[in-house]
Amino acid sequence: MGAGVSADGGGVGGAAVGGAEVDGAEVGSAAAGVVHRLAERHQTLATVESLTGGSLAASIVNIAGVSGIYRGGLVVYATELKATLAGVPADLLSERGPVDPEVAAALAEGGRQRCGADWGLATTGVAGPEPQDGKPVGLVYVAVAGPNGGAVRQLDLGGGRDHVRAAAVVEALRLLAERLVDATP
C-alpha cells in the first residue's frame with residue numbers, strides 16, 4: 001500500500017448496514033453528512049468506482065450544495081481502465097487482480113490526483129452473482145485517500161447483488177466520514 005495508507009481490517013457483515021436491505025434514507029444521510037463536513041472544511045471530493053458503477057457518485061450529487069465540493073468521478077468497471085483512467089499501476093492489477101486492498105487504495109489516490117480533489121473515495125469488489133477471479137461474492141474493499149494519507153476497509157457482505165452494492169456505498173461514505181473526523185482541517 002502507498003505511504004500513509006493503512007488496511008483497517010474492519011471486516012463488516014451485513015448487520016453493520018442494517019441487516020437486511022440498505023434503504024435510500026441511510027444512503028442519503030451518509031452522503032449528506034460527508035458533503036456538509038467537506039463544505040465546512042472547504043475541501044473537495046472525487047470518486048472512483050468499480051462494483052458500484054456510479055451509485056456512489058449518484059448518492060453524493062443528490063445532496064443540495066454538492067457543486068461546491070464534488071470535483072467528479074470515474075466509473076472504471078473494466079480492469080484495464082483502472083490503470084489507464086484511474087492510474088492504478090498495471091503490474092499491481094496483473095499481480096493482484098481488481099479486487100484487492102492495494103488496488104482500492106490506488107483507485108482512491110488516483111481519483112484524488114486525477115480530479116484535483118482533497119479526498120478520493122473508491123469501491124471495488126464482487127457483487128455477484130458468481131465469484132470473480134477466485135474472490136467470493138460479497139468481498140468488497142472501500143478506500144479513502146486524503147491530504148494526510150488514507151485507509152482501506154474490507155467488507156464481507158451477505159445478501160444479493162443489489163444489497164452488496166448499496167452496502168458498499170454506505171460503508172465507503174462511513175469510512176470517509178470517519179477519516180474526516182480524524183483529520184485536522
# chains A, B, ... in the order shown; residues from 1 in each chain; ligands from 1

$ closest_atom_pairs --of "region 96-143 of chain A" --to "region 48-63 of chain A" --cutoff "9 Å" --atoms "only C-alpha atoms" --output "tab-separated table"
residue	atom	partner	partner_atom	distance
A:Pro98	CA	A:Ser50	CA	8.8
A:Leu107	CA	A:Val48	CA	6.1
A:Ala108	CA	A:Val48	CA	6.3
A:Gly110	CA	A:Val48	CA	8.1
A:Gly111	CA	A:Val48	CA	5.7
A:Arg112	CA	A:Val48	CA	8.7
A:Gly120	CA	A:Val48	CA	7.4
A:Leu121	CA	A:Val48	CA	6.3
A:Ala122	CA	A:Val48	CA	4.7
A:Thr123	CA	A:Glu49	CA	5.0
A:Thr124	CA	A:Ser50	CA	5.1
A:Gly125	CA	A:Leu51	CA	5.6
A:Val126	CA	A:Leu51	CA	6.7
A:Ala127	CA	A:Leu51	CA	6.6
A:Val140	CA	A:Leu51	CA	8.4

$ residues_around --residues "Arg179 (chain A)" --least-positions-apart "2" --cutoff "10 Å" --atoms "only C-alpha atoms" --output "VMD selection string"
chain A and resid 119 144 to 146 148 to 151 173 to 177 181 to 184

$ select_by_dssp --residues "region 29-185 of chain A" --states "strand (DSSP E)" --output "ChimeraX atom specification"
/A:45-49,70-75,119-125,139-146,149-156

$ closest_residue --among "A:Ala25, A:Arg41, A:Leu155, A:Ala30" --to "Val170 (chain A)" --atoms "only C-alpha atoms"
A:Ala30

$ residues_around --residues "His36 (chain A)" --least-positions-apart "3" --cutoff "10 Å" --atoms "only C-alpha atoms" --output "list in words"
Ala31, Ala32, Gly33, Ala39, Glu40, Arg41, His42, Ile63, Ala64, Gly65, Val66 and Ile69 of chain A

$ residues_around --residues "Pro89 (chain A)" --least-positions-apart "6" --cutoff "12 Å" --atoms "only C-alpha atoms" --output "list in words"
Met1, Gly2, Thr79, Glu80, Leu81, Lys82, Ala83, Glu95, Arg96, Gly97, Pro98, Glu102, Val103, Ala104, Ala105, Ala106, Leu107, Glu109 and Gly110 of chain A

$ write_last_selection --atoms "C-alpha atoms" --output "compact mmCIF listing (two decimals), in the first residue's frame"
# COMPACT_ATOMS: atom_id res chain seq x y z
CA MET A 1 0.00 0.00 0.00
CA GLY A 2 1.08 3.57 -0.56
CA THR A 79 -9.81 -3.79 -15.33
CA GLU A 80 -7.64 -2.04 -17.92
CA LEU A 81 -9.48 1.24 -17.29
CA LYS A 82 -8.42 1.09 -13.65
CA ALA A 83 -4.88 1.55 -14.99
CA GLU A 95 -0.39 -9.44 -9.91
CA ARG A 96 -3.36 -8.93 -7.56
CA GLY A 97 -6.44 -8.51 -9.75
CA PRO A 98 -9.01 -5.74 -9.40
CA GLU A 102 -3.91 -2.16 -2.54
CA VAL A 103 -5.89 -1.69 -5.74
CA ALA A 104 -8.67 0.00 -3.75
CA ALA A 105 -6.11 2.37 -2.18
CA ALA A 106 -4.62 3.13 -5.61
CA LEU A 107 -8.08 3.82 -7.04
CA GLU A 109 -5.47 8.09 -4.67
CA GLY A 110 -5.71 8.02 -8.46

$ closest_residue --among "A:Val169, A:Ala46, A:Leu139, A:Val75" --to "Ser29 (chain A)" --atoms "only C-alpha atoms"
A:Val169

$ closest_residue --among "A:Pro101, A:Gly24, A:Gly73, A:Gly87" --to "Ala143 (chain A)" --atoms "only C-alpha atoms"
A:Pro101

$ select_by_dssp --residues "chain A" --states "alpha helix (DSSP H)" --output "JSON list (two decimals) with C-alpha atoms, in the first residue's frame"
[["chain", "number", "residue", "atom", "x", "y", "z"],
["A", 24, "GLY", "CA", -32.29, 5.20, 0.37],
["A", 25, "ALA", "CA", -32.60, 7.25, 3.57],
["A", 26, "GLU", "CA", -29.49, 5.59, 5.01],
["A", 27, "VAL", "CA", -27.51, 6.28, 1.85],
["A", 28, "GLY", "CA", -28.79, 9.87, 1.69],
["A", 29, "SER", "CA", -27.99, 10.52, 5.33],
["A", 30, "ALA", "CA", -24.43, 9.20, 4.96],
["A", 31, "ALA", "CA", -23.89, 11.24, 1.80],
["A", 32, "ALA", "CA", -25.32, 14.41, 3.34],
["A", 33, "GLY", "CA", -23.03, 14.06, 6.33],
["A", 34, "VAL", "CA", -19.84, 13.93, 4.27],
["A", 35, "VAL", "CA", -20.96, 16.64, 1.85],
["A", 36, "HIS", "CA", -21.71, 19.05, 4.70],
["A", 37, "ARG", "CA", -18.47, 18.21, 6.53],
["A", 38, "LEU", "CA", -16.43, 18.77, 3.39],
["A", 39, "ALA", "CA", -18.23, 22.07, 2.70],
["A", 40, "GLU", "CA", -17.46, 23.28, 6.24],
["A", 41, "ARG", "CA", -13.80, 22.44, 5.68],
["A", 55, "SER", "CA", -24.07, 4.67, -7.39],
["A", 56, "LEU", "CA", -21.59, 6.30, -5.02],
["A", 57, "ALA", "CA", -21.34, 9.41, -7.20],
["A", 58, "ALA", "CA", -25.12, 9.49, -7.62],
["A", 59, "SER", "CA", -25.65, 9.39, -3.85],
["A", 60, "ILE", "CA", -23.30, 12.33, -3.43],
["A", 61, "VAL", "CA", -24.71, 14.52, -6.19],
["A", 79, "THR", "CA", -9.81, -3.79, -15.33],
["A", 80, "GLU", "CA", -7.64, -2.04, -17.92],
["A", 81, "LEU", "CA", -9.48, 1.24, -17.29],
["A", 82, "LYS", "CA", -8.42, 1.09, -13.65],
["A", 83, "ALA", "CA", -4.88, 1.55, -14.99],
["A", 84, "THR", "CA", -5.44, 3.92, -17.90],
["A", 90, "ALA", "CA", -0.74, -2.14, -14.34],
["A", 91, "ASP", "CA", 1.69, -4.52, -12.62],
["A", 92, "LEU", "CA", -0.37, -4.32, -9.40],
["A", 93, "LEU", "CA", -3.52, -5.18, -11.34],
["A", 94, "SER", "CA", -1.90, -8.10, -13.13],
["A", 95, "GLU", "CA", -0.39, -9.44, -9.91],
["A", 96, "ARG", "CA", -3.36, -8.93, -7.56],
["A", 101, "PRO", "CA", -6.96, -3.69, -0.84],
["A", 102, "GLU", "CA", -3.91, -2.16, -2.54],
["A", 103, "VAL", "CA", -5.89, -1.69, -5.74],
["A", 104, "ALA", "CA", -8.67, 0.00, -3.75],
["A", 105, "ALA", "CA", -6.11, 2.37, -2.18],
["A", 106, "ALA", "CA", -4.62, 3.13, -5.61],
["A", 107, "LEU", "CA", -8.08, 3.82, -7.04],
["A", 108, "ALA", "CA", -8.82, 6.34, -4.27],
["A", 109, "GLU", "CA", -5.47, 8.09, -4.67],
["A", 110, "GLY", "CA", -5.71, 8.02, -8.46],
["A", 111, "GLY", "CA", -9.13, 9.65, -8.40],
["A", 112, "ARG", "CA", -7.93, 12.25, -5.93],
["A", 113, "GLN", "CA", -4.98, 13.15, -8.13],
["A", 114, "ARG", "CA", -6.70, 12.93, -11.50],
["A", 115, "CYS", "CA", -9.65, 15.05, -10.39],
["A", 161, "ARG", "CA", -26.14, -8.15, -5.74],
["A", 162, "ASP", "CA", -28.21, -5.03, -5.06],
["A", 163, "HIS", "CA", -27.59, -5.24, -1.31],
["A", 164, "VAL", "CA", -23.83, -5.70, -1.76],
["A", 165, "ARG", "CA", -23.62, -2.64, -4.00],
["A", 166, "ALA", "CA", -25.82, -0.45, -1.76],
["A", 167, "ALA", "CA", -23.98, -1.52, 1.38],
["A", 168, "ALA", "CA", -20.64, -0.73, -0.30],
["A", 169, "VAL", "CA", -21.85, 2.83, -0.98],
["A", 170, "VAL", "CA", -22.88, 3.34, 2.66],
["A", 171, "GLU", "CA", -19.66, 1.87, 4.02],
["A", 172, "ALA", "CA", -17.49, 3.98, 1.69],
["A", 173, "LEU", "CA", -19.28, 7.10, 2.91],
["A", 174, "ARG", "CA", -18.88, 5.97, 6.53],
["A", 175, "LEU", "CA", -15.15, 5.42, 6.02],
["A", 176, "LEU", "CA", -14.79, 8.93, 4.60],
["A", 177, "ALA", "CA", -16.81, 10.38, 7.48],
["A", 178, "GLU", "CA", -14.51, 8.67, 10.00],
["A", 179, "ARG", "CA", -11.38, 9.95, 8.25],
["A", 180, "LEU", "CA", -12.80, 13.48, 8.16],
["A", 181, "VAL", "CA", -13.34, 13.37, 11.93],
["A", 182, "ASP", "CA", -9.79, 12.09, 12.46]]

$ atom_distance --atom1 "CA of Leu157 (chain A)" --atom2 "CA of Pro136 (chain A)"
9.9 Å

$ closest_residue --among "A:Val152, A:Leu74, A:Ala86, A:Val99" --to "Gly134 (chain A)" --atoms "only C-alpha atoms"
A:Val99

$ decode --residues "region 115-164 of chain A" --atoms "N, CA and C atoms" --output "PDB file, in the first residue's frame"
ATOM      1  N   CYS A 115      -8.572  14.060 -10.450  1.00  0.00           N
ATOM      2  CA  CYS A 115      -9.651  15.049 -10.389  1.00  0.00           C
ATOM      3  C   CYS A 115      -9.252  16.306  -9.617  1.00  0.00           C
ATOM      4  N   GLY A 116      -8.035  16.350  -9.088  1.00  0.00           N
ATOM      5  CA  GLY A 116      -7.578  17.525  -8.354  1.00  0.00           C
ATOM      6  C   GLY A 116      -8.382  17.779  -7.096  1.00  0.00           C
ATOM      7  N   ALA A 117      -8.675  16.716  -6.348  1.00  0.00           N
ATOM      8  CA  ALA A 117      -9.503  16.829  -5.147  1.00  0.00           C
ATOM      9  C   ALA A 117      -8.661  16.627  -3.890  1.00  0.00           C
ATOM     10  N   ASP A 118      -9.178  17.120  -2.781  1.00  0.00           N
ATOM     11  CA  ASP A 118      -8.530  16.892  -1.492  1.00  0.00           C
ATOM     12  C   ASP A 118      -8.683  15.434  -1.046  1.00  0.00           C
ATOM     13  N   TRP A 119      -9.828  14.844  -1.361  1.00  0.00           N
ATOM     14  CA  TRP A 119     -10.156  13.494  -0.933  1.00  0.00           C
ATOM     15  C   TRP A 119     -10.573  12.648  -2.121  1.00  0.00           C
ATOM     16  N   GLY A 120     -10.178  11.379  -2.102  1.00  0.00           N
ATOM     17  CA  GLY A 120     -10.626  10.402  -3.085  1.00  0.00           C
ATOM     18  C   GLY A 120     -11.307   9.259  -2.363  1.00  0.00           C
ATOM     19  N   LEU A 121     -12.376   8.740  -2.939  1.00  0.00           N
ATOM     20  CA  LEU A 121     -13.150   7.664  -2.344  1.00  0.00           C
ATOM     21  C   LEU A 121     -13.382   6.608  -3.416  1.00  0.00           C
ATOM     22  N   ALA A 122     -13.095   5.335  -3.096  1.00  0.00           N
ATOM     23  CA  ALA A 122     -13.166   4.283  -4.115  1.00  0.00           C
ATOM     24  C   ALA A 122     -13.859   3.032  -3.613  1.00  0.00           C
ATOM     25  N   THR A 123     -14.423   2.281  -4.570  1.00  0.00           N
ATOM     26  CA  THR A 123     -15.048   0.986  -4.291  1.00  0.00           C
ATOM     27  C   THR A 123     -14.577  -0.038  -5.314  1.00  0.00           C
ATOM     28  N   THR A 124     -14.336  -1.250  -4.850  1.00  0.00           N
ATOM     29  CA  THR A 124     -14.059  -2.381  -5.731  1.00  0.00           C
ATOM     30  C   THR A 124     -14.493  -3.643  -5.004  1.00  0.00           C
ATOM     31  N   GLY A 125     -14.944  -4.638  -5.737  1.00  0.00           N
ATOM     32  CA  GLY A 125     -15.379  -5.866  -5.083  1.00  0.00           C
ATOM     33  C   GLY A 125     -16.153  -6.764  -6.015  1.00  0.00           C
ATOM     34  N   VAL A 126     -16.774  -7.776  -5.433  1.00  0.00           N
ATOM     35  CA  VAL A 126     -17.546  -8.765  -6.177  1.00  0.00           C
ATOM     36  C   VAL A 126     -18.994  -8.702  -5.701  1.00  0.00           C
ATOM     37  N   ALA A 127     -19.876  -8.222  -6.567  1.00  0.00           N
ATOM     38  CA  ALA A 127     -21.289  -8.116  -6.218  1.00  0.00           C
ATOM     39  C   ALA A 127     -22.059  -9.386  -6.556  1.00  0.00           C
ATOM     40  N   GLY A 128     -21.516 -10.206  -7.430  1.00  0.00           N
ATOM     41  CA  GLY A 128     -22.184 -11.447  -7.797  1.00  0.00           C
ATOM     42  C   GLY A 128     -22.945 -11.305  -9.096  1.00  0.00           C
ATOM     43  N   PRO A 129     -23.583 -12.323  -9.515  1.00  0.00           N
ATOM     44  CA  PRO A 129     -23.994 -13.486  -8.732  1.00  0.00           C
ATOM     45  C   PRO A 129     -22.920 -14.573  -8.580  1.00  0.00           C
ATOM     46  N   GLU A 130     -21.842 -14.495  -9.342  1.00  0.00           N
ATOM     47  CA  GLU A 130     -20.794 -15.518  -9.294  1.00  0.00           C
ATOM     48  C   GLU A 130     -19.508 -14.942  -8.729  1.00  0.00           C
ATOM     49  N   PRO A 131     -18.655 -15.794  -8.116  1.00  0.00           N
ATOM     50  CA  PRO A 131     -17.329 -15.331  -7.699  1.00  0.00           C
ATOM     51  C   PRO A 131     -16.543 -14.812  -8.909  1.00  0.00           C
ATOM     52  N   GLN A 132     -15.538 -13.993  -8.640  1.00  0.00           N
ATOM     53  CA  GLN A 132     -14.721 -13.404  -9.709  1.00  0.00           C
ATOM     54  C   GLN A 132     -13.254 -13.647  -9.380  1.00  0.00           C
ATOM     55  N   ASP A 133     -12.529 -14.248 -10.294  1.00  0.00           N
ATOM     56  CA  ASP A 133     -11.091 -14.488 -10.124  1.00  0.00           C
ATOM     57  C   ASP A 133     -10.763 -15.109  -8.765  1.00  0.00           C
ATOM     58  N   GLY A 134     -11.587 -16.057  -8.343  1.00  0.00           N
ATOM     59  CA  GLY A 134     -11.347 -16.729  -7.077  1.00  0.00           C
ATOM     60  C   GLY A 134     -11.775 -15.946  -5.849  1.00  0.00           C
ATOM     61  N   LYS A 135     -12.350 -14.769  -6.037  1.00  0.00           N
ATOM     62  CA  LYS A 135     -12.810 -13.940  -4.910  1.00  0.00           C
ATOM     63  C   LYS A 135     -14.315 -14.188  -4.712  1.00  0.00           C
ATOM     64  N   PRO A 136     -14.736 -14.340  -3.460  1.00  0.00           N
ATOM     65  CA  PRO A 136     -16.141 -14.665  -3.200  1.00  0.00           C
ATOM     66  C   PRO A 136     -17.081 -13.473  -3.386  1.00  0.00           C
ATOM     67  N   VAL A 137     -18.326 -13.805  -3.699  1.00  0.00           N
ATOM     68  CA  VAL A 137     -19.369 -12.787  -3.759  1.00  0.00           C
ATOM     69  C   VAL A 137     -19.468 -12.134  -2.385  1.00  0.00           C
ATOM     70  N   GLY A 138     -19.538 -10.822  -2.360  1.00  0.00           N
ATOM     71  CA  GLY A 138     -19.659 -10.075  -1.108  1.00  0.00           C
ATOM     72  C   GLY A 138     -18.344  -9.529  -0.590  1.00  0.00           C
ATOM     73  N   LEU A 139     -17.207  -9.946  -1.194  1.00  0.00           N
ATOM     74  CA  LEU A 139     -15.916  -9.371  -0.802  1.00  0.00           C
ATOM     75  C   LEU A 139     -15.786  -8.004  -1.459  1.00  0.00           C
ATOM     76  N   VAL A 140     -15.674  -6.969  -0.636  1.00  0.00           N
ATOM     77  CA  VAL A 140     -15.636  -5.588  -1.117  1.00  0.00           C
ATOM     78  C   VAL A 140     -14.527  -4.855  -0.375  1.00  0.00           C
ATOM     79  N   TYR A 141     -13.861  -3.962  -1.091  1.00  0.00           N
ATOM     80  CA  TYR A 141     -12.918  -3.043  -0.464  1.00  0.00           C
ATOM     81  C   TYR A 141     -13.380  -1.632  -0.768  1.00  0.00           C
ATOM     82  N   VAL A 142     -13.458  -0.813   0.264  1.00  0.00           N
ATOM     83  CA  VAL A 142     -13.706   0.613   0.101  1.00  0.00           C
ATOM     84  C   VAL A 142     -12.454   1.324   0.595  1.00  0.00           C
ATOM     85  N   ALA A 143     -12.109   2.406  -0.052  1.00  0.00           N
ATOM     86  CA  ALA A 143     -10.871   3.101   0.296  1.00  0.00           C
ATOM     87  C   ALA A 143     -11.068   4.598   0.224  1.00  0.00           C
ATOM     88  N   VAL A 144     -10.313   5.287   1.062  1.00  0.00           N
ATOM     89  CA  VAL A 144     -10.282   6.742   1.054  1.00  0.00           C
ATOM     90  C   VAL A 144      -8.819   7.177   1.016  1.00  0.00           C
ATOM     91  N   ALA A 145      -8.565   8.235   0.265  1.00  0.00           N
ATOM     92  CA  ALA A 145      -7.243   8.866   0.231  1.00  0.00           C
ATOM     93  C   ALA A 145      -7.453  10.341   0.516  1.00  0.00           C
ATOM     94  N   GLY A 146      -6.614  10.891   1.371  1.00  0.00           N
ATOM     95  CA  GLY A 146      -6.780  12.295   1.726  1.00  0.00           C
ATOM     96  C   GLY A 146      -5.453  12.985   1.875  1.00  0.00           C
ATOM     97  N   PRO A 147      -5.488  14.219   2.328  1.00  0.00           N
ATOM     98  CA  PRO A 147      -4.272  15.016   2.456  1.00  0.00           C
ATOM     99  C   PRO A 147      -3.247  14.401   3.409  1.00  0.00           C
ATOM    100  N   ASN A 148      -3.702  13.602   4.354  1.00  0.00           N
ATOM    101  CA  ASN A 148      -2.800  13.006   5.345  1.00  0.00           C
ATOM    102  C   ASN A 148      -2.754  11.490   5.244  1.00  0.00           C
ATOM    103  N   GLY A 149      -2.918  10.946   4.044  1.00  0.00           N
ATOM    104  CA  GLY A 149      -2.898   9.500   3.886  1.00  0.00           C
ATOM    105  C   GLY A 149      -4.282   8.948   3.651  1.00  0.00           C
ATOM    106  N   GLY A 150      -4.424   7.656   3.862  1.00  0.00           N
ATOM    107  CA  GLY A 150      -5.694   7.037   3.562  1.00  0.00           C
ATOM    108  C   GLY A 150      -5.936   5.785   4.362  1.00  0.00           C
ATOM    109  N   ALA A 151      -7.021   5.103   4.021  1.00  0.00           N
ATOM    110  CA  ALA A 151      -7.388   3.869   4.699  1.00  0.00           C
ATOM    111  C   ALA A 151      -8.188   3.005   3.744  1.00  0.00           C
ATOM    112  N   VAL A 152      -8.109   1.705   3.990  1.00  0.00           N
ATOM    113  CA  VAL A 152      -8.868   0.726   3.227  1.00  0.00           C
ATOM    114  C   VAL A 152      -9.640  -0.121   4.221  1.00  0.00           C
ATOM    115  N   ARG A 153     -10.870  -0.426   3.883  1.00  0.00           N
ATOM    116  CA  ARG A 153     -11.681  -1.292   4.739  1.00  0.00           C
ATOM    117  C   ARG A 153     -12.190  -2.462   3.909  1.00  0.00           C
ATOM    118  N   GLN A 154     -12.010  -3.652   4.440  1.00  0.00           N
ATOM    119  CA  GLN A 154     -12.556  -4.853   3.816  1.00  0.00           C
ATOM    120  C   GLN A 154     -13.943  -5.108   4.364  1.00  0.00           C
ATOM    121  N   LEU A 155     -14.860  -5.418   3.473  1.00  0.00           N
ATOM    122  CA  LEU A 155     -16.228  -5.762   3.860  1.00  0.00           C
ATOM    123  C   LEU A 155     -16.520  -7.171   3.370  1.00  0.00           C
ATOM    124  N   ASP A 156     -17.182  -7.943   4.177  1.00  0.00           N
ATOM    125  CA  ASP A 156     -17.630  -9.272   3.795  1.00  0.00           C
ATOM    126  C   ASP A 156     -19.146  -9.245   3.912  1.00  0.00           C
ATOM    127  N   LEU A 157     -19.804  -8.949   2.808  1.00  0.00           N
ATOM    128  CA  LEU A 157     -21.232  -8.654   2.816  1.00  0.00           C
ATOM    129  C   LEU A 157     -22.058  -9.835   2.338  1.00  0.00           C
ATOM    130  N   GLY A 158     -23.173 -10.035   2.984  1.00  0.00           N
ATOM    131  CA  GLY A 158     -24.136 -11.028   2.543  1.00  0.00           C
ATOM    132  C   GLY A 158     -25.235 -10.347   1.755  1.00  0.00           C
ATOM    133  N   GLY A 159     -26.182 -11.148   1.304  1.00  0.00           N
ATOM    134  CA  GLY A 159     -27.299 -10.586   0.557  1.00  0.00           C
ATOM    135  C   GLY A 159     -27.040 -10.664  -0.928  1.00  0.00           C
ATOM    136  N   GLY A 160     -27.980 -10.252  -1.695  1.00  0.00           N
ATOM    137  CA  GLY A 160     -27.871 -10.291  -3.145  1.00  0.00           C
ATOM    138  C   GLY A 160     -27.051  -9.140  -3.701  1.00  0.00           C
ATOM    139  N   ARG A 161     -26.937  -9.138  -5.006  1.00  0.00           N
ATOM    140  CA  ARG A 161     -26.141  -8.153  -5.739  1.00  0.00           C
ATOM    141  C   ARG A 161     -26.507  -6.708  -5.375  1.00  0.00           C
ATOM    142  N   ASP A 162     -27.784  -6.398  -5.366  1.00  0.00           N
ATOM    143  CA  ASP A 162     -28.209  -5.027  -5.063  1.00  0.00           C
ATOM    144  C   ASP A 162     -27.815  -4.619  -3.647  1.00  0.00           C
ATOM    145  N   HIS A 163     -27.962  -5.545  -2.698  1.00  0.00           N
ATOM    146  CA  HIS A 163     -27.594  -5.241  -1.314  1.00  0.00           C
ATOM    147  C   HIS A 163     -26.085  -5.016  -1.188  1.00  0.00           C
ATOM    148  N   VAL A 164     -25.287  -5.853  -1.828  1.00  0.00           N
ATOM    149  CA  VAL A 164     -23.828  -5.703  -1.762  1.00  0.00           C
ATOM    150  C   VAL A 164     -23.429  -4.332  -2.284  1.00  0.00           C
TER     151      VAL A 164
END
